[in-house]
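Trainee: So that you have it, the file is model-v6.txt, and it contains compact mmCIF, N, CA and C atoms:
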```txt
# COMPACT_ATOMS: atom_id res chain seq x y z
N MET A 1 0.86 -1.18 0.00
CA MET A 1 0.00 0.00 0.00
C MET A 1 0.89 1.23 0.00
N SER A 2 0.50 2.28 -0.70
CA SER A 2 1.29 3.50 -0.79
C SER A 2 1.27 4.26 0.52
N ALA A 3 2.17 5.25 0.64
CA ALA A 3 2.23 6.05 1.86
C ALA A 3 0.91 6.77 2.10
N SER A 4 0.32 7.33 1.04
CA SER A 4 -0.96 8.03 1.23
C SER A 4 -2.07 7.02 1.53
N GLY A 5 -1.96 5.81 1.00
CA GLY A 5 -2.94 4.78 1.30
C GLY A 5 -2.89 4.40 2.76
N ASN A 6 -1.67 4.31 3.33
CA ASN A 6 -1.52 4.02 4.75
C ASN A 6 -2.12 5.13 5.59
N ALA A 7 -1.89 6.38 5.19
CA ALA A 7 -2.43 7.52 5.93
C ALA A 7 -3.95 7.51 5.88
N MET A 8 -4.53 7.19 4.74
CA MET A 8 -5.98 7.18 4.61
C MET A 8 -6.57 6.07 5.47
N ALA A 9 -5.88 4.94 5.59
CA ALA A 9 -6.37 3.85 6.42
C ALA A 9 -6.46 4.28 7.88
N MET A 10 -5.57 5.17 8.30
CA MET A 10 -5.61 5.67 9.66
C MET A 10 -6.89 6.45 9.93
N PHE A 11 -7.46 7.05 8.89
CA PHE A 11 -8.67 7.83 9.02
C PHE A 11 -9.92 7.02 8.70
N GLY A 12 -9.78 5.70 8.60
CA GLY A 12 -10.92 4.84 8.39
C GLY A 12 -11.32 4.68 6.93
N MET A 13 -10.48 5.11 6.02
CA MET A 13 -10.79 4.96 4.59
C MET A 13 -9.98 3.78 4.05
N ARG A 14 -10.66 2.73 3.71
CA ARG A 14 -10.02 1.55 3.11
C ARG A 14 -10.25 1.64 1.62
N LEU A 15 -9.18 1.88 0.88
CA LEU A 15 -9.28 2.03 -0.56
C LEU A 15 -8.44 0.98 -1.26
N ALA A 16 -8.90 0.57 -2.43
CA ALA A 16 -8.15 -0.37 -3.25
C ALA A 16 -7.00 0.39 -3.93
N GLU A 17 -5.97 -0.34 -4.29
CA GLU A 17 -4.80 0.27 -4.94
C GLU A 17 -5.19 1.05 -6.20
N ASP A 18 -6.14 0.52 -7.00
CA ASP A 18 -6.53 1.23 -8.22
C ASP A 18 -7.26 2.53 -7.89
N GLN A 19 -8.02 2.56 -6.79
CA GLN A 19 -8.68 3.79 -6.38
C GLN A 19 -7.65 4.83 -5.94
N ILE A 20 -6.67 4.39 -5.16
CA ILE A 20 -5.61 5.29 -4.70
C ILE A 20 -4.84 5.84 -5.89
N LYS A 21 -4.57 4.99 -6.87
CA LYS A 21 -3.84 5.42 -8.05
C LYS A 21 -4.58 6.54 -8.78
N VAL A 22 -5.88 6.37 -8.98
CA VAL A 22 -6.68 7.39 -9.66
C VAL A 22 -6.72 8.67 -8.84
N LEU A 23 -6.94 8.56 -7.54
CA LEU A 23 -7.00 9.73 -6.67
C LEU A 23 -5.67 10.48 -6.67
N GLU A 24 -4.57 9.75 -6.50
CA GLU A 24 -3.24 10.38 -6.48
C GLU A 24 -2.92 11.04 -7.81
N GLU A 25 -3.27 10.36 -8.90
CA GLU A 25 -3.01 10.92 -10.23
C GLU A 25 -3.75 12.24 -10.41
N ASN A 26 -4.99 12.29 -9.98
CA ASN A 26 -5.76 13.53 -10.07
C ASN A 26 -5.20 14.59 -9.14
N PHE A 27 -4.76 14.19 -7.97
CA PHE A 27 -4.19 15.13 -7.00
C PHE A 27 -2.93 15.79 -7.55
N THR A 28 -2.07 14.99 -8.17
CA THR A 28 -0.79 15.53 -8.64
C THR A 28 -0.87 16.18 -10.02
N LYS A 29 -1.73 15.66 -10.90
CA LYS A 29 -1.74 16.15 -12.28
C LYS A 29 -2.89 17.07 -12.63
N VAL A 30 -4.00 16.97 -11.90
CA VAL A 30 -5.19 17.77 -12.24
C VAL A 30 -5.34 18.93 -11.27
N SER A 31 -5.63 18.62 -10.00
CA SER A 31 -5.84 19.68 -9.02
C SER A 31 -5.81 19.13 -7.61
N LYS A 32 -5.17 19.89 -6.73
CA LYS A 32 -5.21 19.54 -5.31
C LYS A 32 -6.55 19.96 -4.70
N HIS A 33 -7.25 20.85 -5.40
CA HIS A 33 -8.54 21.37 -4.95
C HIS A 33 -9.54 21.31 -6.11
N PRO A 34 -10.02 20.11 -6.45
CA PRO A 34 -10.92 20.00 -7.61
C PRO A 34 -12.26 20.69 -7.35
N ASP A 35 -12.80 21.27 -8.43
CA ASP A 35 -14.13 21.87 -8.32
C ASP A 35 -15.18 20.76 -8.23
N TYR A 36 -16.42 21.15 -8.01
CA TYR A 36 -17.48 20.16 -7.77
C TYR A 36 -17.63 19.18 -8.93
N THR A 37 -17.62 19.69 -10.15
CA THR A 37 -17.79 18.83 -11.33
C THR A 37 -16.64 17.83 -11.43
N THR A 38 -15.42 18.30 -11.26
CA THR A 38 -14.25 17.42 -11.33
C THR A 38 -14.31 16.39 -10.22
N LEU A 39 -14.71 16.81 -9.02
CA LEU A 39 -14.84 15.90 -7.90
C LEU A 39 -15.84 14.79 -8.21
N MET A 40 -16.97 15.15 -8.83
CA MET A 40 -17.98 14.15 -9.22
C MET A 40 -17.40 13.15 -10.21
N LEU A 41 -16.63 13.63 -11.18
CA LEU A 41 -16.04 12.74 -12.18
C LEU A 41 -15.01 11.80 -11.56
N ILE A 42 -14.19 12.34 -10.66
CA ILE A 42 -13.20 11.51 -9.97
C ILE A 42 -13.90 10.45 -9.13
N ALA A 43 -14.95 10.85 -8.41
CA ALA A 43 -15.71 9.90 -7.58
C ALA A 43 -16.27 8.78 -8.44
N ALA A 44 -16.86 9.14 -9.58
CA ALA A 44 -17.43 8.13 -10.48
C ALA A 44 -16.36 7.18 -11.00
N GLU A 45 -15.20 7.73 -11.33
CA GLU A 45 -14.11 6.91 -11.86
C GLU A 45 -13.59 5.93 -10.80
N CYS A 46 -13.61 6.36 -9.54
CA CYS A 46 -13.10 5.52 -8.45
C CYS A 46 -14.15 4.60 -7.85
N GLY A 47 -15.42 4.86 -8.15
CA GLY A 47 -16.48 4.08 -7.53
C GLY A 47 -16.71 4.48 -6.08
N LEU A 48 -16.42 5.75 -5.76
CA LEU A 48 -16.63 6.28 -4.41
C LEU A 48 -17.75 7.30 -4.44
N SER A 49 -18.28 7.62 -3.27
CA SER A 49 -19.26 8.70 -3.21
C SER A 49 -18.52 10.03 -3.31
N GLU A 50 -19.26 11.08 -3.62
CA GLU A 50 -18.66 12.41 -3.68
C GLU A 50 -18.12 12.79 -2.31
N GLU A 51 -18.84 12.42 -1.25
CA GLU A 51 -18.41 12.73 0.11
C GLU A 51 -17.10 12.03 0.45
N GLU A 52 -16.98 10.76 0.08
CA GLU A 52 -15.74 10.01 0.34
C GLU A 52 -14.58 10.63 -0.44
N THR A 53 -14.85 11.02 -1.66
CA THR A 53 -13.80 11.61 -2.50
C THR A 53 -13.37 12.95 -1.94
N ALA A 54 -14.33 13.77 -1.52
CA ALA A 54 -14.00 15.07 -0.93
C ALA A 54 -13.20 14.88 0.36
N LYS A 55 -13.58 13.88 1.17
CA LYS A 55 -12.86 13.58 2.41
C LYS A 55 -11.42 13.19 2.09
N TRP A 56 -11.23 12.36 1.07
CA TRP A 56 -9.89 11.93 0.69
C TRP A 56 -9.05 13.15 0.30
N PHE A 57 -9.62 14.05 -0.50
CA PHE A 57 -8.88 15.24 -0.92
C PHE A 57 -8.56 16.15 0.27
N ARG A 58 -9.48 16.29 1.24
CA ARG A 58 -9.20 17.11 2.42
C ARG A 58 -8.03 16.51 3.22
N MET A 59 -8.08 15.19 3.44
CA MET A 59 -7.02 14.53 4.21
C MET A 59 -5.70 14.54 3.45
N ARG A 60 -5.77 14.34 2.14
CA ARG A 60 -4.54 14.31 1.34
C ARG A 60 -3.91 15.70 1.27
N ASN A 61 -4.74 16.74 1.21
CA ASN A 61 -4.22 18.10 1.23
C ASN A 61 -3.54 18.41 2.56
N ALA A 62 -4.13 17.99 3.65
CA ALA A 62 -3.51 18.19 4.97
C ALA A 62 -2.17 17.48 5.04
N GLN A 63 -2.14 16.26 4.52
CA GLN A 63 -0.91 15.48 4.49
C GLN A 63 0.15 16.18 3.64
N TRP A 64 -0.24 16.70 2.49
CA TRP A 64 0.68 17.40 1.60
C TRP A 64 1.20 18.68 2.26
N ARG A 65 0.29 19.47 2.88
CA ARG A 65 0.71 20.71 3.53
C ARG A 65 1.71 20.42 4.65
N LYS A 66 1.45 19.38 5.43
CA LYS A 66 2.37 19.01 6.51
C LYS A 66 3.74 18.63 5.95
N ALA A 67 3.75 17.86 4.87
CA ALA A 67 5.01 17.45 4.24
C ALA A 67 5.78 18.66 3.69
N GLU A 68 5.04 19.68 3.26
CA GLU A 68 5.67 20.89 2.73
C GLU A 68 6.06 21.89 3.82
N GLY A 69 5.72 21.57 5.06
CA GLY A 69 6.06 22.44 6.16
C GLY A 69 5.04 23.52 6.45
N PHE A 70 3.86 23.39 5.86
CA PHE A 70 2.77 24.33 6.11
C PHE A 70 1.87 23.77 7.21
N PRO A 71 1.08 24.64 7.85
CA PRO A 71 0.10 24.12 8.81
C PRO A 71 -0.86 23.16 8.11
N ALA A 72 -1.29 22.12 8.82
CA ALA A 72 -2.15 21.11 8.21
C ALA A 72 -3.53 21.65 7.84
N GLU A 73 -4.00 22.66 8.58
CA GLU A 73 -5.33 23.22 8.32
C GLU A 73 -5.25 24.32 7.27
N LEU A 74 -6.11 24.26 6.30
CA LEU A 74 -6.18 25.26 5.26
C LEU A 74 -6.52 26.61 5.88
N GLY A 75 -5.81 27.64 5.46
CA GLY A 75 -6.11 28.99 5.91
C GLY A 75 -5.56 29.32 7.28
N SER A 76 -4.69 28.49 7.83
CA SER A 76 -4.17 28.77 9.15
C SER A 76 -2.79 29.42 9.13
N VAL A 77 -2.33 29.83 7.94
CA VAL A 77 -1.05 30.53 7.83
C VAL A 77 -1.23 31.92 8.41
N LYS A 78 -0.35 32.29 9.33
CA LYS A 78 -0.45 33.60 9.98
C LYS A 78 0.79 34.42 9.67
N ASP A 79 0.61 35.75 9.64
CA ASP A 79 1.74 36.66 9.39
C ASP A 79 2.74 36.62 10.51
```
Take the structure in this file and express it as structure tokens.
Mentor:
Amino acid sequence: MSASGNAMAMFGMRLAEDQIKVLEENFTKVSKHPDYTTLMLIAAECGLSEEETAKWFRMRNAQWRKAEGFPAELGSVKD
């Protein structure tokens, strides 16, 4: 299982390798913050609900921000 797959399992999301591959590919190549239409298409491609897909993107963004040295919560950067 990939590093992000292990992290998602900690949050109660059990995903198949092919689902993780599609999600990661969209995260890195399409958008870290997909709009509603894109999110629906990604969810359909993965066989997940829109809510599950949105949750994955929220958790993956927090993981990415932490790895980049930013606060894990969006909008918590302070002057």
Trainee: Quick one: distance from atom N of A:Ile20 to atom CA of A:His33 in Å, one decimal?
Mentor: 17.1 Å
Trainee: For A:Trp56, which residue among A:Ala16, A:Leu41, A:Leu23, A:Val30 is the nearest when counting only C-alpha atoms?
Mentor: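 Nearest candidate to A:Trp56 out of A:Ala16, A:Leu41, A:Leu23, A:Val30: A:Leu23.
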Trainee: Determine the axis-aligned bounding box of all atoms of stretch 18-25 of chain A present in the file, pad each side by 3 Å, and express its centre and edge lengths in Å to one decimal place as AutoDock Vina command-line options.
Mentor:
```
--center_x -5.8 --center_y 6.4 --center_z -7.6 --size_x 11.8 --size_y 17.7 --size_z 11.7
```
Trainee: Between A:Glu45, A:Glu73, A:Asp35, A:Glu17, which residue has the minimum interatomic distance to A:Asn61, considering only N, CA and C atoms?
Mentor: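 Between A:Glu45, A:Glu73, A:Asp35, A:Glu17, the residue approaching A:Asn61 most closely is A:Glu73.
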Trainee: Given the choices A:Val22, A:Leu15, A:Ala72, A:Ala43, which gets closest to A:Arg58 if the distance is worked out from only C-alpha atoms?
Mentor: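 Closest residue, counting only C-alpha atoms: A:Ala72.
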Trainee: Take atom C of A:Pro34 and atom N of A:Leu48 and report the distance between them in Å, one decimal.
Mentor: 15.6 Å
Trainee: Just asking: which residues within stretch 1-72 of chain A are helix (DSSP H, G or I) according to DSSP, as a ChimeraX atom specification?
Mentor: /A:3-10,17-29,36-46,50-67
Trainee: So, counting only N, CA and C atoms, which residue among A:Phe27, A:Ala54, A:Gln63, A:Gly69 is closest to A:Met40?
Mentor: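 That would be A:Ala54, the residue with the smallest distance to A:Met40.
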Trainee: Rounded to one decimal, what separation in Å do you get between atom CA of A:Thr53 and atom CA of A:Leu39?
Mentor: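 Computed distance, atom CA of A:Thr53 to atom CA of A:Leu39, equals 7.0 Å.
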Trainee: Using only C-alpha atoms, can you tell me which of A:Gln19, A:Asn26, A:Lys32, A:Gly47 comes closest to A:Arg65?
Mentor: A:Lys32
